[in-house]
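One file, input-v2.pdb, carrying PDB, C-alpha atoms and all ligand atoms:
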```
ATOM      1  CA  MET Z   1       0.000   0.000   0.000  1.00  0.00           C
ATOM      2  CA  TYR Z   2       1.173   3.484  -0.825  1.00  0.00           C
ATOM      3  CA  LEU Z   3      -0.419   6.341   1.116  1.00  0.00           C
ATOM      4  CA  ILE Z   4       0.546   9.997   1.090  1.00  0.00           C
ATOM      5  CA  ASP Z   5       0.045  12.184   4.151  1.00  0.00           C
ATOM      6  CA  THR Z   6      -0.625  15.541   2.478  1.00  0.00           C
ATOM      7  CA  HIS Z   7      -0.392  17.569   5.688  1.00  0.00           C
ATOM      8  CA  THR Z   8       1.820  16.644   8.602  1.00  0.00           C
ATOM      9  CA  HIS Z   9       3.904  18.640  11.070  1.00  0.00           C
ATOM     10  CA  ILE Z  10       6.131  15.721  11.981  1.00  0.00           C
ATOM     11  CA  TYR Z  11       9.022  18.199  12.342  1.00  0.00           C
ATOM     12  CA  ASP Z  12       7.199  19.650  15.388  1.00  0.00           C
ATOM     13  CA  HIS Z  13       8.941  19.637  18.795  1.00  0.00           C
ATOM     14  CA  GLN Z  14       6.322  17.148  20.032  1.00  0.00           C
ATOM     15  CA  TYR Z  15       8.330  14.452  18.221  1.00  0.00           C
ATOM     16  CA  SER Z  16      11.731  15.497  19.486  1.00  0.00           C
ATOM     17  CA  LEU Z  17      12.136  12.282  21.497  1.00  0.00           C
ATOM     18  CA  ASP Z  18      10.923   9.748  18.922  1.00  0.00           C
ATOM     19  CA  ARG Z  19      10.814  11.409  15.514  1.00  0.00           C
ATOM     20  CA  ASN Z  20      12.851   8.747  13.746  1.00  0.00           C
ATOM     21  CA  ASP Z  21      10.673   6.007  15.251  1.00  0.00           C
ATOM     22  CA  ALA Z  22       7.546   7.838  14.104  1.00  0.00           C
ATOM     23  CA  MET Z  23       9.008   8.124  10.596  1.00  0.00           C
ATOM     24  CA  GLN Z  24       9.795   4.397  10.572  1.00  0.00           C
ATOM     25  CA  ARG Z  25       6.288   3.524  11.765  1.00  0.00           C
ATOM     26  CA  ALA Z  26       4.842   5.594   8.915  1.00  0.00           C
ATOM     27  CA  LEU Z  27       7.021   3.947   6.286  1.00  0.00           C
ATOM     28  CA  GLU Z  28       6.283   0.476   7.660  1.00  0.00           C
ATOM     29  CA  VAL Z  29       2.506   0.851   7.307  1.00  0.00           C
ATOM     30  CA  GLY Z  30       2.756   2.309   3.804  1.00  0.00           C
ATOM     31  CA  VAL Z  31       2.751   6.064   4.386  1.00  0.00           C
ATOM     32  CA  LYS Z  32       5.660   6.473   2.012  1.00  0.00           C
ATOM     33  CA  MET Z  33       5.382  10.176   1.297  1.00  0.00           C
ATOM     34  CA  MET Z  34       4.744  13.057   3.710  1.00  0.00           C
ATOM     35  CA  LEU Z  35       4.065  16.634   2.690  1.00  0.00           C
ATOM     36  CA  LEU Z  36       5.269  19.137   5.277  1.00  0.00           C
ATOM     37  CA  PRO Z  37       3.456  22.479   5.442  1.00  0.00           C
ATOM     38  CA  ASN Z  38       5.263  25.320   7.142  1.00  0.00           C
ATOM     39  CA  VAL Z  39       3.710  27.278  10.057  1.00  0.00           C
ATOM     40  CA  ASP Z  40       5.769  30.394  10.823  1.00  0.00           C
ATOM     41  CA  ALA Z  41       9.328  31.753  10.716  1.00  0.00           C
ATOM     42  CA  SER Z  42      10.454  29.443  13.530  1.00  0.00           C
ATOM     43  CA  THR Z  43       9.364  26.194  11.845  1.00  0.00           C
ATOM     44  CA  ILE Z  44      11.332  26.617   8.618  1.00  0.00           C
ATOM     45  CA  ALA Z  45      14.639  25.309  10.010  1.00  0.00           C
ATOM     46  CA  PRO Z  46      13.256  22.166  11.714  1.00  0.00           C
ATOM     47  CA  MET Z  47      11.121  21.421   8.650  1.00  0.00           C
ATOM     48  CA  LEU Z  48      14.108  21.681   6.301  1.00  0.00           C
ATOM     49  CA  ASP Z  49      16.253  19.611   8.681  1.00  0.00           C
ATOM     50  CA  LEU Z  50      13.741  16.784   8.541  1.00  0.00           C
ATOM     51  CA  HIS Z  51      13.481  17.025   4.765  1.00  0.00           C
ATOM     52  CA  GLU Z  52      17.254  16.838   4.509  1.00  0.00           C
ATOM     53  CA  GLN Z  53      17.250  13.743   6.688  1.00  0.00           C
ATOM     54  CA  TYR Z  54      14.434  12.088   4.710  1.00  0.00           C
ATOM     55  CA  PRO Z  55      14.721  13.518   1.188  1.00  0.00           C
ATOM     56  CA  ASP Z  56      12.974  10.582  -0.494  1.00  0.00           C
ATOM     57  CA  CYS Z  57       9.806  10.480   1.599  1.00  0.00           C
ATOM     58  CA  THR Z  58       9.172  14.131   2.475  1.00  0.00           C
ATOM     59  CA  ARG Z  59       8.384  17.258   0.475  1.00  0.00           C
ATOM     60  CA  VAL Z  60       8.220  20.785   1.852  1.00  0.00           C
ATOM     61  CA  MET Z  61       5.803  23.674   1.444  1.00  0.00           C
ATOM     62  CA  MET Z  62       6.276  27.319   2.329  1.00  0.00           C
ATOM     63  CA  GLY Z  63       3.732  29.676   3.848  1.00  0.00           C
ATOM     64  CA  LEU Z  64       2.524  31.520   6.933  1.00  0.00           C
ATOM     65  CA  GLN Z  65      -0.261  29.838   8.893  1.00  0.00           C
ATOM     66  CA  PRO Z  66      -3.154  32.262   9.539  1.00  0.00           C
ATOM     67  CA  GLU Z  67      -3.083  31.978  13.345  1.00  0.00           C
ATOM     68  CA  GLU Z  68       0.552  33.147  13.210  1.00  0.00           C
ATOM     69  CA  VAL Z  69      -0.218  36.339  11.289  1.00  0.00           C
ATOM     70  CA  LYS Z  70       0.784  39.167  13.662  1.00  0.00           C
ATOM     71  CA  GLU Z  71       1.916  42.814  13.339  1.00  0.00           C
ATOM     72  CA  ASP Z  72       5.185  41.774  11.700  1.00  0.00           C
ATOM     73  CA  TYR Z  73       3.559  39.603   9.019  1.00  0.00           C
ATOM     74  CA  LYS Z  74       4.881  41.663   6.116  1.00  0.00           C
ATOM     75  CA  GLU Z  75       8.495  41.062   7.126  1.00  0.00           C
ATOM     76  CA  VAL Z  76       7.812  37.385   7.725  1.00  0.00           C
ATOM     77  CA  LEU Z  77       6.189  37.086   4.303  1.00  0.00           C
ATOM     78  CA  ALA Z  78       9.114  38.882   2.640  1.00  0.00           C
ATOM     79  CA  ALA Z  79      11.519  36.317   4.113  1.00  0.00           C
ATOM     80  CA  MET Z  80       9.277  33.447   3.037  1.00  0.00           C
ATOM     81  CA  GLU Z  81       8.964  34.793  -0.478  1.00  0.00           C
ATOM     82  CA  LYS Z  82      12.741  34.828  -0.685  1.00  0.00           C
ATOM     83  CA  GLU Z  83      12.850  31.279   0.662  1.00  0.00           C
ATOM     84  CA  LEU Z  84      10.432  30.175  -2.074  1.00  0.00           C
ATOM     85  CA  GLU Z  85      12.906  31.337  -4.700  1.00  0.00           C
ATOM     86  CA  ARG Z  86      15.085  28.355  -3.850  1.00  0.00           C
ATOM     87  CA  GLY Z  87      12.680  26.235  -5.856  1.00  0.00           C
ATOM     88  CA  ILE Z  88      12.622  23.284  -3.457  1.00  0.00           C
ATOM     89  CA  TYR Z  89       9.012  23.818  -2.360  1.00  0.00           C
ATOM     90  CA  VAL Z  90       6.187  21.759  -3.872  1.00  0.00           C
ATOM     91  CA  GLY Z  91       3.384  23.952  -2.536  1.00  0.00           C
ATOM     92  CA  VAL Z  92       2.343  27.118  -0.730  1.00  0.00           C
ATOM     93  CA  GLY Z  93       1.120  26.231   2.751  1.00  0.00           C
ATOM     94  CA  GLU Z  94      -0.162  26.303   5.119  1.00  0.00           C
ATOM     95  CA  VAL Z  95      -2.071  29.475   4.446  1.00  0.00           C
ATOM     96  CA  GLY Z  96      -5.634  30.629   4.921  1.00  0.00           C
ATOM     97  CA  LEU Z  97      -7.993  32.226   7.400  1.00  0.00           C
ATOM     98  CA  ASP Z  98      -8.765  31.385  11.036  1.00  0.00           C
ATOM     99  CA  PHE Z  99     -11.085  33.483  13.162  1.00  0.00           C
ATOM    100  CA  TYR Z 100     -11.830  30.792  15.740  1.00  0.00           C
ATOM    101  CA  TRP Z 101      -9.825  31.977  18.753  1.00  0.00           C
ATOM    102  CA  ASP Z 102      -8.867  35.403  17.626  1.00  0.00           C
ATOM    103  CA  ALA Z 103     -10.189  37.682  14.905  1.00  0.00           C
ATOM    104  CA  SER Z 104      -8.134  40.698  15.952  1.00  0.00           C
ATOM    105  CA  TYR Z 105      -5.810  40.299  12.969  1.00  0.00           C
ATOM    106  CA  GLU Z 106      -8.580  39.769  10.467  1.00  0.00           C
ATOM    107  CA  LYS Z 107      -7.415  42.494   8.107  1.00  0.00           C
ATOM    108  CA  GLU Z 108      -3.827  41.249   8.271  1.00  0.00           C
ATOM    109  CA  GLN Z 109      -4.899  37.622   7.767  1.00  0.00           C
ATOM    110  CA  LEU Z 110      -6.855  38.557   4.653  1.00  0.00           C
ATOM    111  CA  ASP Z 111      -3.944  40.530   3.258  1.00  0.00           C
ATOM    112  CA  ALA Z 112      -1.389  37.798   4.048  1.00  0.00           C
ATOM    113  CA  PHE Z 113      -3.618  35.157   2.468  1.00  0.00           C
ATOM    114  CA  GLU Z 114      -4.120  37.207  -0.674  1.00  0.00           C
ATOM    115  CA  THR Z 115      -0.366  37.737  -1.008  1.00  0.00           C
ATOM    116  CA  GLN Z 116       0.249  34.016  -0.670  1.00  0.00           C
ATOM    117  CA  LEU Z 117      -2.467  33.164  -3.195  1.00  0.00           C
ATOM    118  CA  ASP Z 118      -0.564  35.392  -5.611  1.00  0.00           C
ATOM    119  CA  TRP Z 119       2.660  33.466  -4.935  1.00  0.00           C
ATOM    120  CA  ALA Z 120       0.890  30.209  -5.725  1.00  0.00           C
ATOM    121  CA  LYS Z 121      -0.329  31.632  -9.015  1.00  0.00           C
ATOM    122  CA  GLN Z 122       3.000  33.135 -10.016  1.00  0.00           C
ATOM    123  CA  LEU Z 123       4.948  30.003  -9.159  1.00  0.00           C
ATOM    124  CA  HIS Z 124       2.265  27.561 -10.398  1.00  0.00           C
ATOM    125  CA  LEU Z 125       2.227  25.803  -7.035  1.00  0.00           C
ATOM    126  CA  PRO Z 126      -0.725  24.111  -5.329  1.00  0.00           C
ATOM    127  CA  LEU Z 127      -1.923  25.429  -1.969  1.00  0.00           C
ATOM    128  CA  SER Z 128      -2.588  23.821   1.391  1.00  0.00           C
ATOM    129  CA  ILE Z 129      -5.409  25.953   2.768  1.00  0.00           C
ATOM    130  CA  HIS Z 130      -6.481  26.190   6.394  1.00  0.00           C
ATOM    131  CA  CYS Z 131      -9.979  27.579   7.029  1.00  0.00           C
ATOM    132  CA  ARG Z 132     -11.694  27.827  10.397  1.00  0.00           C
ATOM    133  CA  ASN Z 133     -14.694  30.017  11.188  1.00  0.00           C
ATOM    134  CA  ALA Z 134     -14.086  31.839   7.944  1.00  0.00           C
ATOM    135  CA  PHE Z 135     -16.042  30.045   5.205  1.00  0.00           C
ATOM    136  CA  ASP Z 136     -17.765  33.109   3.691  1.00  0.00           C
ATOM    137  CA  LYS Z 137     -14.634  35.259   3.614  1.00  0.00           C
ATOM    138  CA  MET Z 138     -12.600  32.322   2.298  1.00  0.00           C
ATOM    139  CA  VAL Z 139     -14.956  31.713  -0.588  1.00  0.00           C
ATOM    140  CA  LYS Z 140     -15.185  35.394  -1.413  1.00  0.00           C
ATOM    141  CA  LEU Z 141     -11.409  35.677  -1.656  1.00  0.00           C
ATOM    142  CA  LEU Z 142     -10.946  32.434  -3.594  1.00  0.00           C
ATOM    143  CA  GLU Z 143     -13.650  33.483  -6.048  1.00  0.00           C
ATOM    144  CA  LYS Z 144     -11.950  36.819  -6.526  1.00  0.00           C
ATOM    145  CA  LYS Z 145      -8.518  35.257  -7.134  1.00  0.00           C
ATOM    146  CA  GLN Z 146      -9.477  32.135  -9.072  1.00  0.00           C
ATOM    147  CA  ASP Z 147      -8.712  32.663 -12.737  1.00  0.00           C
ATOM    148  CA  GLY Z 148      -7.908  29.046 -13.446  1.00  0.00           C
ATOM    149  CA  GLY Z 149      -4.440  29.437 -11.930  1.00  0.00           C
ATOM    150  CA  LEU Z 150      -5.248  28.338  -8.385  1.00  0.00           C
ATOM    151  CA  CYS Z 151      -5.383  24.755  -7.174  1.00  0.00           C
ATOM    152  CA  GLY Z 152      -4.733  22.910  -3.973  1.00  0.00           C
ATOM    153  CA  ILE Z 153      -6.208  21.300  -0.896  1.00  0.00           C
ATOM    154  CA  MET Z 154      -8.813  22.542   1.534  1.00  0.00           C
ATOM    155  CA  HIS Z 155      -6.916  21.014   4.407  1.00  0.00           C
ATOM    156  CA  CYS Z 156      -8.791  19.222   7.212  1.00  0.00           C
ATOM    157  CA  PHE Z 157     -12.108  19.700   5.461  1.00  0.00           C
ATOM    158  CA  THR Z 158     -15.052  19.082   7.806  1.00  0.00           C
ATOM    159  CA  GLY Z 159     -17.830  21.194   6.298  1.00  0.00           C
ATOM    160  CA  THR Z 160     -21.244  20.472   4.871  1.00  0.00           C
ATOM    161  CA  GLU Z 161     -21.968  18.914   1.498  1.00  0.00           C
ATOM    162  CA  GLU Z 162     -22.876  22.361   0.137  1.00  0.00           C
ATOM    163  CA  GLU Z 163     -19.552  23.757   1.327  1.00  0.00           C
ATOM    164  CA  ALA Z 164     -17.713  20.817  -0.210  1.00  0.00           C
ATOM    165  CA  LYS Z 165     -19.425  21.533  -3.506  1.00  0.00           C
ATOM    166  CA  VAL Z 166     -18.405  25.203  -3.405  1.00  0.00           C
ATOM    167  CA  TYR Z 167     -14.730  24.260  -2.979  1.00  0.00           C
ATOM    168  CA  LEU Z 168     -14.909  21.549  -5.642  1.00  0.00           C
ATOM    169  CA  ASP Z 169     -16.513  24.004  -8.065  1.00  0.00           C
ATOM    170  CA  LEU Z 170     -13.693  26.427  -7.296  1.00  0.00           C
ATOM    171  CA  GLY Z 171     -11.236  23.747  -8.422  1.00  0.00           C
ATOM    172  CA  PHE Z 172      -9.928  22.570  -5.065  1.00  0.00           C
ATOM    173  CA  HIS Z 173      -9.349  19.134  -3.583  1.00  0.00           C
ATOM    174  CA  LEU Z 174     -10.666  18.130  -0.162  1.00  0.00           C
ATOM    175  CA  GLY Z 175      -8.129  17.014   2.430  1.00  0.00           C
ATOM    176  CA  LEU Z 176      -9.773  14.460   4.720  1.00  0.00           C
ATOM    177  CA  GLY Z 177      -8.183  13.666   8.052  1.00  0.00           C
ATOM    178  CA  GLY Z 178      -8.849  12.210  11.483  1.00  0.00           C
ATOM    179  CA  VAL Z 179     -12.016  14.227  12.041  1.00  0.00           C
ATOM    180  CA  THR Z 180     -13.700  12.211   9.284  1.00  0.00           C
ATOM    181  CA  THR Z 181     -13.537   9.171  11.610  1.00  0.00           C
ATOM    182  CA  TYR Z 182     -15.281  10.962  14.505  1.00  0.00           C
ATOM    183  CA  LYS Z 183     -18.857  10.007  15.304  1.00  0.00           C
ATOM    184  CA  ASN Z 184     -20.223  13.534  15.038  1.00  0.00           C
ATOM    185  CA  CYS Z 185     -18.555  14.414  11.721  1.00  0.00           C
ATOM    186  CA  GLY Z 186     -21.143  14.953   8.996  1.00  0.00           C
ATOM    187  CA  VAL Z 187     -18.763  14.380   6.095  1.00  0.00           C
ATOM    188  CA  LYS Z 188     -19.345  10.611   6.382  1.00  0.00           C
ATOM    189  CA  ASP Z 189     -23.003  11.042   5.367  1.00  0.00           C
ATOM    190  CA  TYR Z 190     -22.258  12.470   1.935  1.00  0.00           C
ATOM    191  CA  LEU Z 191     -18.785  10.983   1.301  1.00  0.00           C
ATOM    192  CA  PRO Z 192     -20.102   8.657  -1.435  1.00  0.00           C
ATOM    193  CA  ASN Z 193     -21.356  11.719  -3.347  1.00  0.00           C
ATOM    194  CA  LEU Z 194     -17.883  13.271  -3.551  1.00  0.00           C
ATOM    195  CA  PRO Z 195     -15.790  12.783  -6.698  1.00  0.00           C
ATOM    196  CA  LEU Z 196     -13.089  10.266  -5.777  1.00  0.00           C
ATOM    197  CA  ASP Z 197     -10.509  12.055  -7.907  1.00  0.00           C
ATOM    198  CA  ARG Z 198     -10.737  15.144  -5.654  1.00  0.00           C
ATOM    199  CA  ILE Z 199     -10.113  13.451  -2.296  1.00  0.00           C
ATOM    200  CA  VAL Z 200      -6.704  13.402  -0.630  1.00  0.00           C
ATOM    201  CA  LEU Z 201      -5.696  12.208   2.836  1.00  0.00           C
ATOM    202  CA  GLU Z 202      -3.880  13.892   5.688  1.00  0.00           C
ATOM    203  CA  THR Z 203      -3.204  13.571   9.391  1.00  0.00           C
ATOM    204  CA  ASP Z 204      -2.504  17.190  10.433  1.00  0.00           C
ATOM    205  CA  ALA Z 205      -0.212  15.504  12.975  1.00  0.00           C
ATOM    206  CA  PRO Z 206       0.310  16.165  15.858  1.00  0.00           C
ATOM    207  CA  TYR Z 207      -3.348  17.256  15.973  1.00  0.00           C
ATOM    208  CA  LEU Z 208      -6.690  15.495  15.440  1.00  0.00           C
ATOM    209  CA  ALA Z 209      -5.718  11.833  15.702  1.00  0.00           C
ATOM    210  CA  PRO Z 210      -8.255   9.495  14.076  1.00  0.00           C
ATOM    211  CA  VAL Z 211     -10.321   6.860  15.875  1.00  0.00           C
ATOM    212  CA  PRO Z 212      -9.127   4.561  17.494  1.00  0.00           C
ATOM    213  CA  CYS Z 213      -6.252   6.867  18.521  1.00  0.00           C
ATOM    214  CA  ARG Z 214      -8.443   9.924  19.153  1.00  0.00           C
ATOM    215  CA  GLY Z 215      -7.033  12.082  21.953  1.00  0.00           C
ATOM    216  CA  LYS Z 216      -3.470  10.837  21.486  1.00  0.00           C
ATOM    217  CA  ARG Z 217      -0.689  12.681  19.742  1.00  0.00           C
ATOM    218  CA  ASN Z 218      -1.318  12.103  16.056  1.00  0.00           C
ATOM    219  CA  GLU Z 219       1.396  10.831  13.686  1.00  0.00           C
ATOM    220  CA  PRO Z 220       1.606   9.960   9.975  1.00  0.00           C
ATOM    221  CA  SER Z 221       1.271   6.185  10.533  1.00  0.00           C
ATOM    222  CA  PHE Z 222      -2.253   6.816  11.876  1.00  0.00           C
ATOM    223  CA  LEU Z 223      -3.263   7.830   8.359  1.00  0.00           C
ATOM    224  CA  VAL Z 224      -4.056   4.165   7.802  1.00  0.00           C
ATOM    225  CA  HIS Z 225      -6.987   4.387  10.239  1.00  0.00           C
ATOM    226  CA  THR Z 226      -8.508   7.303   8.340  1.00  0.00           C
ATOM    227  CA  ALA Z 227      -7.967   5.590   4.993  1.00  0.00           C
ATOM    228  CA  LYS Z 228      -9.567   2.358   6.280  1.00  0.00           C
ATOM    229  CA  ARG Z 229     -12.607   4.137   7.652  1.00  0.00           C
ATOM    230  CA  ILE Z 230     -13.226   6.120   4.465  1.00  0.00           C
ATOM    231  CA  ALA Z 231     -12.683   3.065   2.240  1.00  0.00           C
ATOM    232  CA  GLU Z 232     -15.235   1.247   4.411  1.00  0.00           C
ATOM    233  CA  ILE Z 233     -17.788   4.026   3.960  1.00  0.00           C
ATOM    234  CA  LEU Z 234     -17.157   4.049   0.221  1.00  0.00           C
ATOM    235  CA  GLN Z 235     -17.337   0.243   0.176  1.00  0.00           C
ATOM    236  CA  MET Z 236     -14.037   0.090  -1.657  1.00  0.00           C
ATOM    237  CA  PRO Z 237     -11.027  -2.137  -1.090  1.00  0.00           C
ATOM    238  CA  LEU Z 238      -8.523  -0.196   1.043  1.00  0.00           C
ATOM    239  CA  GLU Z 239      -5.698  -0.668  -1.487  1.00  0.00           C
ATOM    240  CA  GLU Z 240      -7.826   0.712  -4.267  1.00  0.00           C
ATOM    241  CA  PHE Z 241      -8.860   3.746  -2.253  1.00  0.00           C
ATOM    242  CA  ALA Z 242      -5.268   4.336  -1.108  1.00  0.00           C
ATOM    243  CA  ALA Z 243      -4.031   4.164  -4.701  1.00  0.00           C
ATOM    244  CA  ALA Z 244      -6.682   6.644  -5.858  1.00  0.00           C
ATOM    245  CA  THR Z 245      -5.783   9.238  -3.218  1.00  0.00           C
ATOM    246  CA  THR Z 246      -2.083   8.761  -3.922  1.00  0.00           C
ATOM    247  CA  THR Z 247      -2.604   9.344  -7.637  1.00  0.00           C
ATOM    248  CA  ASN Z 248      -4.663  12.466  -6.847  1.00  0.00           C
ATOM    249  CA  THR Z 249      -1.861  13.840  -4.692  1.00  0.00           C
ATOM    250  CA  GLU Z 250       0.890  12.988  -7.162  1.00  0.00           C
ATOM    251  CA  THR Z 251      -1.014  14.721  -9.946  1.00  0.00           C
ATOM    252  CA  LEU Z 252      -1.818  17.795  -7.861  1.00  0.00           C
ATOM    253  CA  PHE Z 253       1.738  18.285  -6.543  1.00  0.00           C
ATOM    254  CA  GLN Z 254       3.502  16.877  -9.601  1.00  0.00           C
ATOM    255  CA  LEU Z 255       5.423  14.447  -7.397  1.00  0.00           C
TER
HETATM  256 ZN    ZN X 301      -1.394  22.176   9.734  1.00  0.00          ZN
END
```

structure tokens encoding of this file:
Amino acid sequence: MYLIDTHTHIYDHQYSLDRNDAMQRALEVGVKMMLLPNVDASTIAPMLDLHEQYPDCTRVMMGLQPEEVKEDYKEVLAAMEKELERGIYVGVGEVGLDFYWDASYEKEQLDAFETQLDWAKQLHLPLSIHCRNAFDKMVKLLEKKQDGGLCGIMHCFTGTEEEAKVYLDLGFHLGLGGVTTYKNCGVKDYLPNLPLDRIVLETDAPYLAPVPCRGKRNEPSFLVHTAKRIAEILQMPLEEFAAATTTNTETLFQL
């Protein structure tokens, strides 16, 4: 089996004691490729270190996560834009809008997101998009910027069927993760209606571990649980479903 974790922060300090073991566990269960989205200025070095250590099974993305957009975001973005020039990044991420805990930087978040959407267009890179409590503003901005040049993943998608359709119509893929395995997640109910060629898988490790590991620190090897559960719902053989999502990811990121 060949699975790709399209969104994992395995370079995070939460793995400082057992990162190599976690990487081995992932590879052993078939998670043979891991896409690493950046978070802020401080995560670039650890992310690149991990990629250097595992060049064959990791790829890196560059971007400023919306919750980390603060007063100094313009300087941070300038440094990231420079970093992107190195040409080693397969995507722009993670970027987006998040007004869940704190909407005090709303204006800055919108501006930072728009800037990063422009990078993706200019560099022809797919996006990894984070959206929480911001659906209407997200759609408005994506509609404004979409001219056929934007593509990518709505990461950790947990919305309604109508919301899924809006993103699909805008040309985006849906990144399904651990939340899809939770009892109260509505995505399960309409999963069979989604186009299989627009679904990709992710853990968002260390967050949002799937059932039966819910509540634990998440890690890429747990992607198997999410894949199994979704394949079950779709009444598809796991291998077949895994292969489909892997092809989708390889096409999207030109891996
Ligand atoms: Zn993330």

Once the PyMOL selection byres (((chain Z and resi 62-73) around 9) and not hetatm) is applied to the coordinates I shared, what remains selected? I want it as JSON, numbers by chain. {"Z": [36, 37, 38, 39, 40, 41, 44, 60, 61, 74, 75, 76, 77, 78, 80, 81, 83, 84, 89, 90, 91, 92, 93, 94, 95, 96, 97, 98, 99, 101, 102, 105, 108, 109, 110, 112, 113, 116, 128, 129, 130, 131]}

Residue contacts of Z:Gln146 (12 Å, all atoms listed in the file) excluding same-chain residues fewer than 6 positions away, as an MDAnalysis selection string: chainID Z and resid 114 117:118 120:121 138:140 152 167 169:172

Selection from above, C-alpha atoms, as a PDB file, in the coordinates of the input, can you write it?
```pdb
ATOM      1  CA  GLU Z 114      -4.120  37.207  -0.674  1.00  0.00           C
ATOM      2  CA  LEU Z 117      -2.467  33.164  -3.195  1.00  0.00           C
ATOM      3  CA  ASP Z 118      -0.564  35.392  -5.611  1.00  0.00           C
ATOM      4  CA  ALA Z 120       0.890  30.209  -5.725  1.00  0.00           C
ATOM      5  CA  LYS Z 121      -0.329  31.632  -9.015  1.00  0.00           C
ATOM      6  CA  MET Z 138     -12.600  32.322   2.298  1.00  0.00           C
ATOM      7  CA  VAL Z 139     -14.956  31.713  -0.588  1.00  0.00           C
ATOM      8  CA  LYS Z 140     -15.185  35.394  -1.413  1.00  0.00           C
ATOM      9  CA  GLY Z 152      -4.733  22.910  -3.973  1.00  0.00           C
ATOM     10  CA  TYR Z 167     -14.730  24.260  -2.979  1.00  0.00           C
ATOM     11  CA  ASP Z 169     -16.513  24.004  -8.065  1.00  0.00           C
ATOM     12  CA  LEU Z 170     -13.693  26.427  -7.296  1.00  0.00           C
ATOM     13  CA  GLY Z 171     -11.236  23.747  -8.422  1.00  0.00           C
ATOM     14  CA  PHE Z 172      -9.928  22.570  -5.065  1.00  0.00           C
TER      15      PHE Z 172
END
```

Using the chain letters and numbering of this document, enumerate as a PyMOL selection string the residues selected by the PyMOL selection byres (((chain Z and resi 179) around 12) and not hetatm). chain Z and resi 155-159+175-178+180-188+201-205+207-215+218+223+225-227+229-230

Target residues per the PyMOL selection byres (((chain Z and resi 22) around 12) and not hetatm), formatted as a ChimeraX atom specification: /Z:8-12,14-21,23-29,31,34,205-206,217-222
